[in-house]
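What follows is one structure encoded as C-alpha cells, with my remarks underneath.
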Amino acid sequence: MSASQPGLLEPVPALARYLEFGLQPGGDPVPALRSLAARAVGSDVVTGFGAGLIRGLGKSIDGVRPFPSVSGPGCAVPSTQADLWFWIRGEDRGDIAHLSRALTRAVGPALRCDRLVDGFRYGAGLDLTGYEDGTENPEGDAAVGAAVVQGAGPGLDGASFVAVQQWVHDLDGFEARPQGERDDIIGRRLSDNEELDDAPAWAHVKRTAQESFAPEAFVLRRSMPWAGAAGEGLMFVAFGKSPAAFEAQLGRMTGQEDGIVDGLFRFTRPVSGSYFWCPPVRDGHLDLSALGI
C-alpha cells in the first residue's frame, strides 16, 4: 500500500541541503528517474518533481502546475520553477555532502544542479529573527490530512505537493527596528511567542491565519534557516495535499484580496519559487507509476 515519503512528516533535522535541478536541453530524464526509483527510500531525503518534467514525460497529475509569479503593492514573488528537488536531511554535514554527490550522479547528465542551499535548525525551531517558525503547524492526523493526498488511487495516494522558496532577510534592518515594531511584523511577542491581540492587519500572523480562509488553508511547514556568502534567510518549505492552501496564503500575503501586504516584506524577500510533486512510496521505493516509470 502506498505511503508518504518518511522525511515529509518527521520534524526538521539538525542540518539539511536543498538541491534544485533543471533538465538539460535535449536531455532524457527517464534513466535518471529509473535510477531514483531503484534507490531505497529513507527519512534522509525527500524527492519532488516539477511540472515541466512531468509534462515532458507526457503525463498529467491533478494539481501539478508551475509556481506562480505574483506581485502586489511594494512586493514581488518570483517563479524560478525547477524540474527536480531534493531535501537532504541529517545530523552530519559530511553525510549530507556524500548523499548530495550520490544523488547528483544518479540524475546526471540529463539534469543539472541550478540551486544548492544548506540549511540548519536554529534553537528549538526558530527563524534567524529569533521568532518561532511554524507555530500553528498541524500535528498527527491533522498533519497527514493537510499534507498528504488520500483517496486519489494507486500511484497517487501518499503523495504530497510542496512549495519551496528561498527568502533573503535584511537582519540588520529588522534588528534596527524597535522591539514593538518587530513584534507587530510577526504578530507575536518575541518574549513568549504569544499572538498579539491588537496586531495590525498587516502582521504576518493575521495575513496567514490558516483557519481564517474558506476553505481553511492548512499546510505543513518544514522551513529552516540558511546563511552563507549570499546573506541569510529562510528556506520556506510547505507541504500540502494540493497547492491550493499555499496559493490562498500567498495571495493574501501579497495583498491580492484587500491591498494589504504582509509585514514580512518590510525586511525579507523571496528570490526563488518552485512547486514539486512528491511521489508516494511503495515497497520501500519511490512509486513512480504515475509517471510511467
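Labels for the C-alpha cells follow display order: chains A, B, ..., residues from 1 in each chain, ligands from 1.
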
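Summary of the local environment: counting only C-alpha atoms, residues at most 8 Å from Arg121 (chain A), other than itself and those fewer than 4 positions away along its chain, are Val12, Pro13, Ala14, Leu15, Gly125, Leu126, Met224 and Pro225 of chain A.
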
Convert the current residue selection to file output with N, CA, C and O atoms, as a PDB file, in the first residue's frame.
ATOM      1  N   VAL A  12      11.897  18.757  11.562  1.00  0.00           N
ATOM      2  CA  VAL A  12      13.064  19.209  10.814  1.00  0.00           C
ATOM      3  C   VAL A  12      14.328  18.670  11.480  1.00  0.00           C
ATOM      4  O   VAL A  12      14.407  18.566  12.703  1.00  0.00           O
ATOM      5  N   PRO A  13      15.326  18.310  10.673  1.00  0.00           N
ATOM      6  CA  PRO A  13      16.568  17.764  11.210  1.00  0.00           C
ATOM      7  C   PRO A  13      17.492  18.877  11.699  1.00  0.00           C
ATOM      8  O   PRO A  13      17.172  20.070  11.582  1.00  0.00           O
ATOM      9  N   ALA A  14      18.656  18.485  12.196  1.00  0.00           N
ATOM     10  CA  ALA A  14      19.648  19.479  12.607  1.00  0.00           C
ATOM     11  C   ALA A  14      20.216  20.214  11.411  1.00  0.00           C
ATOM     12  O   ALA A  14      20.469  21.423  11.456  1.00  0.00           O
ATOM     13  N   LEU A  15      20.420  19.483  10.298  1.00  0.00           N
ATOM     14  CA  LEU A  15      21.043  20.039   9.106  1.00  0.00           C
ATOM     15  C   LEU A  15      20.283  19.582   7.867  1.00  0.00           C
ATOM     16  O   LEU A  15      19.613  18.549   7.887  1.00  0.00           O
ATOM     17  N   GLY A 125      13.769  25.531  16.709  1.00  0.00           N
ATOM     18  CA  GLY A 125      12.960  25.721  15.503  1.00  0.00           C
ATOM     19  C   GLY A 125      12.650  27.179  15.255  1.00  0.00           C
ATOM     20  O   GLY A 125      11.504  27.541  14.961  1.00  0.00           O
ATOM     21  N   LEU A 126      13.674  28.032  15.367  1.00  0.00           N
ATOM     22  CA  LEU A 126      13.499  29.464  15.213  1.00  0.00           C
ATOM     23  C   LEU A 126      13.932  29.929  13.837  1.00  0.00           C
ATOM     24  O   LEU A 126      14.806  29.329  13.205  1.00  0.00           O
ATOM     25  N   MET A 224      13.543  25.962   7.248  1.00  0.00           N
ATOM     26  CA  MET A 224      14.791  26.002   8.011  1.00  0.00           C
ATOM     27  C   MET A 224      15.594  27.230   7.592  1.00  0.00           C
ATOM     28  O   MET A 224      15.559  27.641   6.432  1.00  0.00           O
ATOM     29  N   PRO A 225      16.354  27.827   8.527  1.00  0.00           N
ATOM     30  CA  PRO A 225      17.214  28.953   8.168  1.00  0.00           C
ATOM     31  C   PRO A 225      18.374  28.521   7.279  1.00  0.00           C
ATOM     32  O   PRO A 225      18.755  27.348   7.249  1.00  0.00           O
TER      33      PRO A 225
END

Margin query: Using only C-alpha atoms, which protein or nucleic acid residues come within 6 Å of Val45 (chain A)? Drop anything in the same chain fewer than 5 positions from it, and give the result as a list in words.
Written below: Trp87, Ile88 and Arg89 of chain A

Next item on the list: Using only C-alpha atoms, pick whichever of A:Arg93, A:Arg188, A:Lys59, A:Arg222 has the shortest atom-to-atom distance to Leu9 (chain A).
Entry: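 Nearest candidate to Leu9 (chain A) out of A:Arg93, A:Arg188, A:Lys59, A:Arg222: A:Arg222.
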
Check: Which residues in region 12-173 of chain A does DSSP call helix (DSSP H, G or I)? List them as a count of residues only.
Finding: 40

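Residue neighbourhood of Pro109 (chain A), excluding near-sequence residues (fewer than 5 positions): Leu23, Gln24, Gly27, Asp28, Pro29, Pro31, Ala32 and Thr104 of chain A, at 10 Å, using only C-alpha atoms.
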
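The shortest atom-to-atom distance to Asp141 (chain A), with only C-alpha atoms taken into account, belongs to A:Leu220 out of A:Leu196, A:Met253, A:Leu220, A:Ala230.
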